[in-house]
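Enquirer: Got structure_24.tsv for you, TSV, C-alpha atoms and all ligand atoms:
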chain	number	residue	atom	x	y	z
A	1	MET	CA	26.78	3.56	8.71
A	2	THR	CA	25.47	3.90	12.26
A	3	SER	CA	27.84	6.79	12.84
A	4	ASP	CA	26.38	8.49	9.74
A	5	PHE	CA	22.92	8.28	11.27
A	6	GLU	CA	24.31	9.58	14.58
A	7	ALA	CA	25.81	12.54	12.72
A	8	GLN	CA	22.46	13.20	11.00
A	9	LEU	CA	20.66	13.28	14.34
A	10	ARG	CA	23.27	15.56	15.87
A	11	SER	CA	23.13	17.89	12.86
A	12	VAL	CA	19.50	18.69	13.71
A	13	SER	CA	20.10	18.71	17.48
A	14	LEU	CA	18.19	15.47	18.09
A	15	ARG	CA	19.44	13.17	20.82
A	16	VAL	CA	20.90	9.93	19.51
A	17	THR	CA	18.62	7.09	20.63
A	18	ARG	CA	18.40	3.46	19.59
A	19	PRO	CA	14.87	3.78	18.13
A	20	ARG	CA	15.87	6.85	16.07
A	21	LEU	CA	18.93	5.06	14.71
A	22	ALA	CA	16.83	1.99	13.97
A	23	VAL	CA	14.21	3.99	12.03
A	24	LEU	CA	16.87	5.83	10.00
A	25	ALA	CA	18.56	2.53	9.17
A	26	ALA	CA	15.26	0.91	8.19
A	27	LEU	CA	14.35	3.79	5.86
A	28	HIS	CA	17.84	3.91	4.39
A	29	ASP	CA	17.54	0.26	3.34
A	30	ASN	CA	13.81	0.35	2.50
A	31	PRO	CA	12.69	3.62	0.90
A	32	HIS	CA	8.98	4.47	0.55
A	33	VAL	CA	7.64	2.17	3.27
A	34	ASP	CA	4.53	2.88	5.29
A	35	THR	CA	4.33	3.14	9.07
A	36	GLU	CA	3.39	-0.51	9.56
A	37	ALA	CA	6.40	-1.62	7.52
A	38	VAL	CA	8.72	0.69	9.47
A	39	ILE	CA	7.43	-0.79	12.74
A	40	ALA	CA	7.98	-4.34	11.46
A	41	LEU	CA	11.51	-3.52	10.26
A	42	VAL	CA	12.50	-1.78	13.49
A	43	ARG	CA	11.02	-4.48	15.74
A	44	LYS	CA	12.78	-7.22	13.81
A	45	ALA	CA	16.09	-5.74	14.94
A	46	HIS	CA	14.86	-4.25	18.25
A	47	PRO	CA	11.83	-6.18	19.57
A	48	ALA	CA	11.58	-3.97	22.66
A	49	VAL	CA	10.73	-0.82	20.65
A	50	SER	CA	7.00	-0.07	20.93
A	51	HIS	CA	4.64	0.92	18.12
A	52	GLN	CA	4.15	4.29	19.79
A	53	ALA	CA	7.90	4.84	19.96
A	54	VAL	CA	8.15	4.31	16.19
A	55	TYR	CA	5.26	6.72	15.55
A	56	ASP	CA	6.97	9.31	17.77
A	57	VAL	CA	10.33	8.81	16.07
A	58	LEU	CA	8.82	9.14	12.59
A	59	ARG	CA	7.16	12.40	13.60
A	60	ALA	CA	10.33	13.78	15.20
A	61	LEU	CA	12.50	12.84	12.23
A	62	THR	CA	9.98	14.25	9.74
A	63	ASP	CA	9.69	17.51	11.70
A	64	ALA	CA	13.49	17.75	11.80
A	65	GLY	CA	13.73	17.22	8.04
A	66	LEU	CA	15.72	13.98	8.23
A	67	VAL	CA	12.80	11.98	6.89
A	68	ARG	CA	10.35	12.89	4.15
A	69	ARG	CA	6.72	11.90	4.39
A	70	ILE	CA	5.02	11.27	1.08
A	71	GLN	CA	1.35	10.58	0.69
A	72	PRO	CA	0.10	10.00	-2.83
A	73	ALA	CA	-3.63	10.63	-3.18
A	74	GLY	CA	-5.60	7.67	-1.91
A	75	ALA	CA	-2.52	5.88	-0.56
A	76	THR	CA	-1.14	5.43	2.94
A	77	ALA	CA	1.69	7.73	3.99
A	78	ARG	CA	5.16	6.47	3.16
A	79	TYR	CA	8.47	7.56	4.52
A	80	GLU	CA	11.93	7.87	3.03
A	81	SER	CA	15.31	9.12	4.16
A	82	ARG	CA	16.24	10.69	0.82
A	83	VAL	CA	15.50	14.32	1.64
A	84	GLY	CA	16.39	17.79	0.46
A	85	ASP	CA	16.59	17.16	-3.29
A	86	ASN	CA	12.93	17.72	-4.24
A	87	HIS	CA	12.84	14.46	-6.20
A	88	HIS	CA	9.52	13.18	-7.45
A	89	HIS	CA	7.76	9.83	-7.34
A	90	VAL	CA	6.11	7.50	-9.77
A	91	VAL	CA	3.29	5.47	-8.24
A	92	CYS	CA	1.69	2.29	-9.56
A	93	ARG	CA	-2.10	2.64	-9.62
A	94	SER	CA	-2.50	-1.09	-9.28
A	95	CYS	CA	-0.15	-2.22	-6.49
A	96	GLY	CA	0.98	1.09	-4.98
A	97	ALA	CA	4.68	0.52	-5.68
A	98	ILE	CA	6.69	3.77	-5.57
A	99	ALA	CA	9.95	4.67	-7.28
A	100	ASP	CA	12.08	7.81	-7.22
A	101	VAL	CA	12.13	10.12	-10.22
A	102	ASP	CA	14.80	12.79	-10.37
A	103	CYS	CA	13.89	16.26	-11.55
A	104	ALA	CA	13.88	16.46	-15.32
A	105	ILE	CA	16.31	19.38	-15.60
A	106	GLY	CA	18.94	20.29	-13.04
A	107	ASP	CA	17.88	20.56	-9.44
A	108	ALA	CA	14.41	21.58	-8.39
A	109	PRO	CA	13.42	23.39	-11.61
A	110	CYS	CA	9.80	22.79	-10.73
A	111	LEU	CA	10.16	25.38	-7.98
A	112	THR	CA	10.20	28.00	-10.70
A	113	ALA	CA	6.49	28.43	-11.11
A	114	SER	CA	5.31	30.25	-14.20
A	115	ASP	CA	3.27	32.47	-11.87
A	116	ASP	CA	3.91	32.30	-8.13
A	117	HIS	CA	0.99	34.61	-7.25
A	118	GLY	CA	3.31	36.33	-4.79
A	119	TYR	CA	3.84	33.20	-2.70
A	120	ALA	CA	7.31	32.34	-1.38
A	121	ILE	CA	7.39	28.81	-2.82
A	122	ASP	CA	9.62	26.24	-1.11
A	123	GLU	CA	8.33	22.96	-2.47
A	124	ALA	CA	6.78	21.50	-5.58
A	125	GLU	CA	5.10	18.13	-5.46
A	126	VAL	CA	4.90	16.14	-8.64
A	127	VAL	CA	3.51	12.62	-8.64
A	128	PHE	CA	3.58	10.50	-11.76
A	129	TRP	CA	0.92	7.80	-11.92
A	130	GLY	CA	1.00	4.67	-14.01
A	131	THR	CA	1.37	0.91	-13.98
A	132	CYS	CA	4.60	-0.68	-12.74
A	133	PRO	CA	6.44	-3.29	-14.84
A	134	ASP	CA	5.30	-6.16	-12.58
A	135	CYS	CA	1.65	-5.16	-12.88
A	136	SER	CA	1.98	-4.53	-16.62
A	137	ALA	CA	3.33	-8.05	-17.00
A	138	GLY	CA	0.57	-9.47	-14.82
A	139	ARG	CA	3.10	-10.83	-12.35
A	140	ILE	CA	1.21	-9.57	-9.29
A	141	ALA	CA	-2.30	-10.92	-8.88
A	142	HIS	CA	-4.91	-8.64	-7.35
B	201	ZN	ZN	2.26	-2.40	-9.64
B	202	ZN	ZN	11.65	9.01	-2.90
Write out the structure in this file as structure tokens.
Expert:
Amino acid sequence: MTSDFEAQLRSVSLRVTRPRLAVLAALHDNPHVDTEAVIALVRKAHPAVSHQAVYDVLRALTDAGLVRRIQPAGATARYESRVGDNHHHVVCRSCGAIADVDCAIGDAPCLTASDDHGYAIDEAEVVFWGTCPDCSAGRIAH
């Protein structure tokens, strides 16, 4: 798996470093986590990695397109390593849990706007809001 992450970094001409590999591994195993969670995950495996290093890595990986930053309205930014497929998210209004939702028809049909107003559209952001099963069942107390 580590070699996969190395290949990803090389494919976007980023130098392979331990913090970058650690962040990619953390996001691969834990999609849709916020910055604080990424820091905790990375430092569990690599205690010497600083908070600032994780911030810098997240920015570099996001800029390079290896990591996607999602920020539902009113929520903290989350990160995931599933990129390039324009999938959507469903967000729980109560606890903030996030799950992936594939496009309804084929790939990226939402990019076909009914009227693009002359814009060259490259992304469509759809967020579904609701209540997750745990919250519906009252299993998480708030
Ligand atoms: Zn919930
Ligand atoms: Zn996702």
Enquirer: Compute the set of protein, DNA and RNA residues whose minimum atom distance to ligand ZN 201 (chain B) is at most 9 Å, using all atoms listed in the file, and state it as a PyMOL selection string.
Expert: chain A and resi 91-98+130-136+138-140
Enquirer: Name the closest residue to Ile39 of chain A among the candidates A:Tyr79, A:Leu66, A:Ala7, A:Gly84; distances are taken between atoms, counting all atoms listed in the file.
Expert: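 For Ile39 of chain A, the nearest of the candidates is A:Tyr79.
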Enquirer: For Val67 of chain A, work out the shell of residues within 10 Å, counting all atoms listed in the file and skipping chain neighbours fewer than 5 positions away, then give it as a tab-separated table (two decimals) with C-alpha atoms, in the frame of the given file.
Expert:
chain	number	residue	atom	x	y	z
A	23	VAL	CA	14.21	3.99	12.03
A	24	LEU	CA	16.87	5.83	10.00
A	27	LEU	CA	14.35	3.79	5.86
A	28	HIS	CA	17.84	3.91	4.39
A	58	LEU	CA	8.82	9.14	12.59
A	59	ARG	CA	7.16	12.40	13.60
A	60	ALA	CA	10.33	13.78	15.20
A	61	LEU	CA	12.50	12.84	12.23
A	62	THR	CA	9.98	14.25	9.74
A	79	TYR	CA	8.47	7.56	4.52
A	80	GLU	CA	11.93	7.87	3.03
A	81	SER	CA	15.31	9.12	4.16
A	82	ARG	CA	16.24	10.69	0.82
A	83	VAL	CA	15.50	14.32	1.64
A	84	GLY	CA	16.39	17.79	0.46
Enquirer: Identify, counting all atoms listed in the file, the protein, DNA and RNA residues located within 10 Å of ligand ZN 202 (chain B), and give them as a ChimeraX atom specification.
Expert: /A:31-32,68-70,78-83,85-90,98-102
Enquirer: Quick one: what's the axis-aligned box for segment 7-26 of chain A, all listed atoms, 4 Å on every side, centre and edges in Å to one decimal, as lines of an AutoDock Vina configuration file?
Expert:
center_x = 20.0
center_y = 9.8
center_z = 14.5
size_x = 19.6
size_y = 25.8
size_z = 20.6
Enquirer: Ranking A:Ser11, A:Gln71, A:Asn30, A:Thr17 by minimum distance to Val54 of chain A and counting all atoms listed in the file, which one comes first?
Expert: A:Thr17
Enquirer: Would you mind telling me which residue in A:Ala124, A:Ala77, A:Leu9, A:Asp63 lies nearest to Val33 of chain A when using all atoms listed in the file?
Expert: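 For Val33 of chain A, the nearest of the given residues is A:Ala77.
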Enquirer: What is the distance between atom CA of Ala25 of chain A and atom CA of Glu6 of chain A, in Å to one decimal?
Expert: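 If I compute the distance from atom CA of Ala25 of chain A to atom CA of Glu6 of chain A, I get 10.6 Å.
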Enquirer: Kindly give the distance, in Å, that separates atom CA of Trp129 of chain A and atom CA of Cys103 of chain A, rounded to a single decimal.
Expert: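 Taking atom CA of Trp129 of chain A and atom CA of Cys103 of chain A, their separation equals 15.5 Å.
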Enquirer: So which one's closest to Arg10 of chain A, A:Ala64, A:Phe128, A:Glu36, A:Ile121? Using only C-alpha atoms, please.
Expert: A:Ala64
Enquirer: Kindly output segment 56-90 of chain A as a PDB file, in the frame of the given file, after building N, CA and C atoms.
Expert:
ATOM      1  N   ASP A  56       6.349   8.088  17.248  1.00  0.00           N
ATOM      2  CA  ASP A  56       6.970   9.310  17.770  1.00  0.00           C
ATOM      3  C   ASP A  56       8.268   9.629  17.028  1.00  0.00           C
ATOM      4  N   VAL A  57       9.062   8.601  16.764  1.00  0.00           N
ATOM      5  CA  VAL A  57      10.330   8.810  16.070  1.00  0.00           C
ATOM      6  C   VAL A  57      10.083   9.315  14.652  1.00  0.00           C
ATOM      7  N   LEU A  58       9.110   8.706  13.957  1.00  0.00           N
ATOM      8  CA  LEU A  58       8.820   9.140  12.590  1.00  0.00           C
ATOM      9  C   LEU A  58       8.410  10.618  12.575  1.00  0.00           C
ATOM     10  N   ARG A  59       7.587  11.008  13.560  1.00  0.00           N
ATOM     11  CA  ARG A  59       7.160  12.400  13.600  1.00  0.00           C
ATOM     12  C   ARG A  59       8.339  13.324  13.880  1.00  0.00           C
ATOM     13  N   ALA A  60       9.181  12.938  14.841  1.00  0.00           N
ATOM     14  CA  ALA A  60      10.330  13.780  15.200  1.00  0.00           C
ATOM     15  C   ALA A  60      11.297  13.918  14.022  1.00  0.00           C
ATOM     16  N   LEU A  61      11.550  12.805  13.341  1.00  0.00           N
ATOM     17  CA  LEU A  61      12.500  12.840  12.230  1.00  0.00           C
ATOM     18  C   LEU A  61      11.930  13.621  11.048  1.00  0.00           C
ATOM     19  N   THR A  62      10.614  13.499  10.827  1.00  0.00           N
ATOM     20  CA  THR A  62       9.980  14.250   9.740  1.00  0.00           C
ATOM     21  C   THR A  62      10.014  15.744  10.053  1.00  0.00           C
ATOM     22  N   ASP A  63       9.666  16.103  11.311  1.00  0.00           N
ATOM     23  CA  ASP A  63       9.690  17.510  11.700  1.00  0.00           C
ATOM     24  C   ASP A  63      11.089  18.093  11.562  1.00  0.00           C
ATOM     25  N   ALA A  64      12.105  17.266  11.834  1.00  0.00           N
ATOM     26  CA  ALA A  64      13.490  17.750  11.800  1.00  0.00           C
ATOM     27  C   ALA A  64      14.043  17.770  10.376  1.00  0.00           C
ATOM     28  N   GLY A  65      13.283  17.194   9.422  1.00  0.00           N
ATOM     29  CA  GLY A  65      13.730  17.220   8.040  1.00  0.00           C
ATOM     30  C   GLY A  65      14.669  16.091   7.663  1.00  0.00           C
ATOM     31  N   LEU A  66      14.841  15.109   8.551  1.00  0.00           N
ATOM     32  CA  LEU A  66      15.720  13.980   8.230  1.00  0.00           C
ATOM     33  C   LEU A  66      14.962  12.904   7.450  1.00  0.00           C
ATOM     34  N   VAL A  67      13.644  12.960   7.561  1.00  0.00           N
ATOM     35  CA  VAL A  67      12.800  11.980   6.890  1.00  0.00           C
ATOM     36  C   VAL A  67      11.717  12.745   6.140  1.00  0.00           C
ATOM     37  N   ARG A  68      11.397  12.248   4.950  1.00  0.00           N
ATOM     38  CA  ARG A  68      10.350  12.890   4.150  1.00  0.00           C
ATOM     39  C   ARG A  68       9.132  11.991   4.153  1.00  0.00           C
ATOM     40  N   ARG A  69       7.978  12.616   4.391  1.00  0.00           N
ATOM     41  CA  ARG A  69       6.720  11.900   4.390  1.00  0.00           C
ATOM     42  C   ARG A  69       6.054  12.151   3.051  1.00  0.00           C
ATOM     43  N   ILE A  70       5.698  11.101   2.363  1.00  0.00           N
ATOM     44  CA  ILE A  70       5.020  11.270   1.080  1.00  0.00           C
ATOM     45  C   ILE A  70       3.684  10.569   1.160  1.00  0.00           C
ATOM     46  N   GLN A  71       2.677  11.189   0.626  1.00  0.00           N
ATOM     47  CA  GLN A  71       1.350  10.580   0.690  1.00  0.00           C
ATOM     48  C   GLN A  71       0.619  10.798  -0.623  1.00  0.00           C
ATOM     49  N   PRO A  72       0.824   9.878  -1.569  1.00  0.00           N
ATOM     50  CA  PRO A  72       0.100  10.000  -2.830  1.00  0.00           C
ATOM     51  C   PRO A  72      -1.399   9.921  -2.571  1.00  0.00           C
ATOM     52  N   ALA A  73      -2.182  10.614  -3.376  1.00  0.00           N
ATOM     53  CA  ALA A  73      -3.630  10.630  -3.180  1.00  0.00           C
ATOM     54  C   ALA A  73      -4.176   9.217  -3.092  1.00  0.00           C
ATOM     55  N   GLY A  74      -4.963   8.962  -2.048  1.00  0.00           N
ATOM     56  CA  GLY A  74      -5.600   7.670  -1.910  1.00  0.00           C
ATOM     57  C   GLY A  74      -4.701   6.572  -1.377  1.00  0.00           C
ATOM     58  N   ALA A  75      -3.450   6.900  -1.051  1.00  0.00           N
ATOM     59  CA  ALA A  75      -2.520   5.880  -0.560  1.00  0.00           C
ATOM     60  C   ALA A  75      -2.150   6.182   0.891  1.00  0.00           C
ATOM     61  N   THR A  76      -1.609   5.185   1.583  1.00  0.00           N
ATOM     62  CA  THR A  76      -1.140   5.430   2.940  1.00  0.00           C
ATOM     63  C   THR A  76       0.169   6.214   2.883  1.00  0.00           C
ATOM     64  N   ALA A  77       0.450   6.949   3.948  1.00  0.00           N
ATOM     65  CA  ALA A  77       1.690   7.730   3.990  1.00  0.00           C
ATOM     66  C   ALA A  77       2.896   6.811   3.965  1.00  0.00           C
ATOM     67  N   ARG A  78       3.898   7.205   3.210  1.00  0.00           N
ATOM     68  CA  ARG A  78       5.160   6.470   3.160  1.00  0.00           C
ATOM     69  C   ARG A  78       6.262   7.395   3.643  1.00  0.00           C
ATOM     70  N   TYR A  79       7.351   6.770   4.030  1.00  0.00           N
ATOM     71  CA  TYR A  79       8.470   7.560   4.520  1.00  0.00           C
ATOM     72  C   TYR A  79       9.737   7.181   3.785  1.00  0.00           C
ATOM     73  N   GLU A  80      10.645   8.144   3.649  1.00  0.00           N
ATOM     74  CA  GLU A  80      11.930   7.870   3.030  1.00  0.00           C
ATOM     75  C   GLU A  80      12.972   8.777   3.654  1.00  0.00           C
ATOM     76  N   SER A  81      14.230   8.342   3.559  1.00  0.00           N
ATOM     77  CA  SER A  81      15.310   9.120   4.160  1.00  0.00           C
ATOM     78  C   SER A  81      16.057   9.947   3.118  1.00  0.00           C
ATOM     79  N   ARG A  82      15.630   9.853   1.859  1.00  0.00           N
ATOM     80  CA  ARG A  82      16.240  10.690   0.820  1.00  0.00           C
ATOM     81  C   ARG A  82      15.518  12.037   0.856  1.00  0.00           C
ATOM     82  N   VAL A  83      16.158  13.031   1.440  1.00  0.00           N
ATOM     83  CA  VAL A  83      15.500  14.320   1.640  1.00  0.00           C
ATOM     84  C   VAL A  83      16.321  15.447   1.011  1.00  0.00           C
ATOM     85  N   GLY A  84      15.678  16.568   0.818  1.00  0.00           N
ATOM     86  CA  GLY A  84      16.390  17.790   0.460  1.00  0.00           C
ATOM     87  C   GLY A  84      16.680  17.951  -1.017  1.00  0.00           C
ATOM     88  N   ASP A  85      16.268  17.006  -1.864  1.00  0.00           N
ATOM     89  CA  ASP A  85      16.590  17.160  -3.290  1.00  0.00           C
ATOM     90  C   ASP A  85      15.338  17.340  -4.151  1.00  0.00           C
ATOM     91  N   ASN A  86      14.161  17.459  -3.491  1.00  0.00           N
ATOM     92  CA  ASN A  86      12.930  17.720  -4.240  1.00  0.00           C
ATOM     93  C   ASN A  86      12.691  16.708  -5.353  1.00  0.00           C
ATOM     94  N   HIS A  87      13.108  15.441  -5.142  1.00  0.00           N
ATOM     95  CA  HIS A  87      12.840  14.460  -6.200  1.00  0.00           C
ATOM     96  C   HIS A  87      11.354  14.089  -6.187  1.00  0.00           C
ATOM     97  N   HIS A  88      10.926  13.502  -7.280  1.00  0.00           N
ATOM     98  CA  HIS A  88       9.520  13.180  -7.450  1.00  0.00           C
ATOM     99  C   HIS A  88       9.313  11.668  -7.330  1.00  0.00           C
ATOM    100  N   HIS A  89       8.065  11.254  -7.451  1.00  0.00           N
ATOM    101  CA  HIS A  89       7.760   9.830  -7.340  1.00  0.00           C
ATOM    102  C   HIS A  89       6.842   9.378  -8.460  1.00  0.00           C
ATOM    103  N   VAL A  90       7.035   8.135  -8.846  1.00  0.00           N
ATOM    104  CA  VAL A  90       6.110   7.500  -9.770  1.00  0.00           C
ATOM    105  C   VAL A  90       5.413   6.398  -8.978  1.00  0.00           C
TER     106      VAL A  90
END
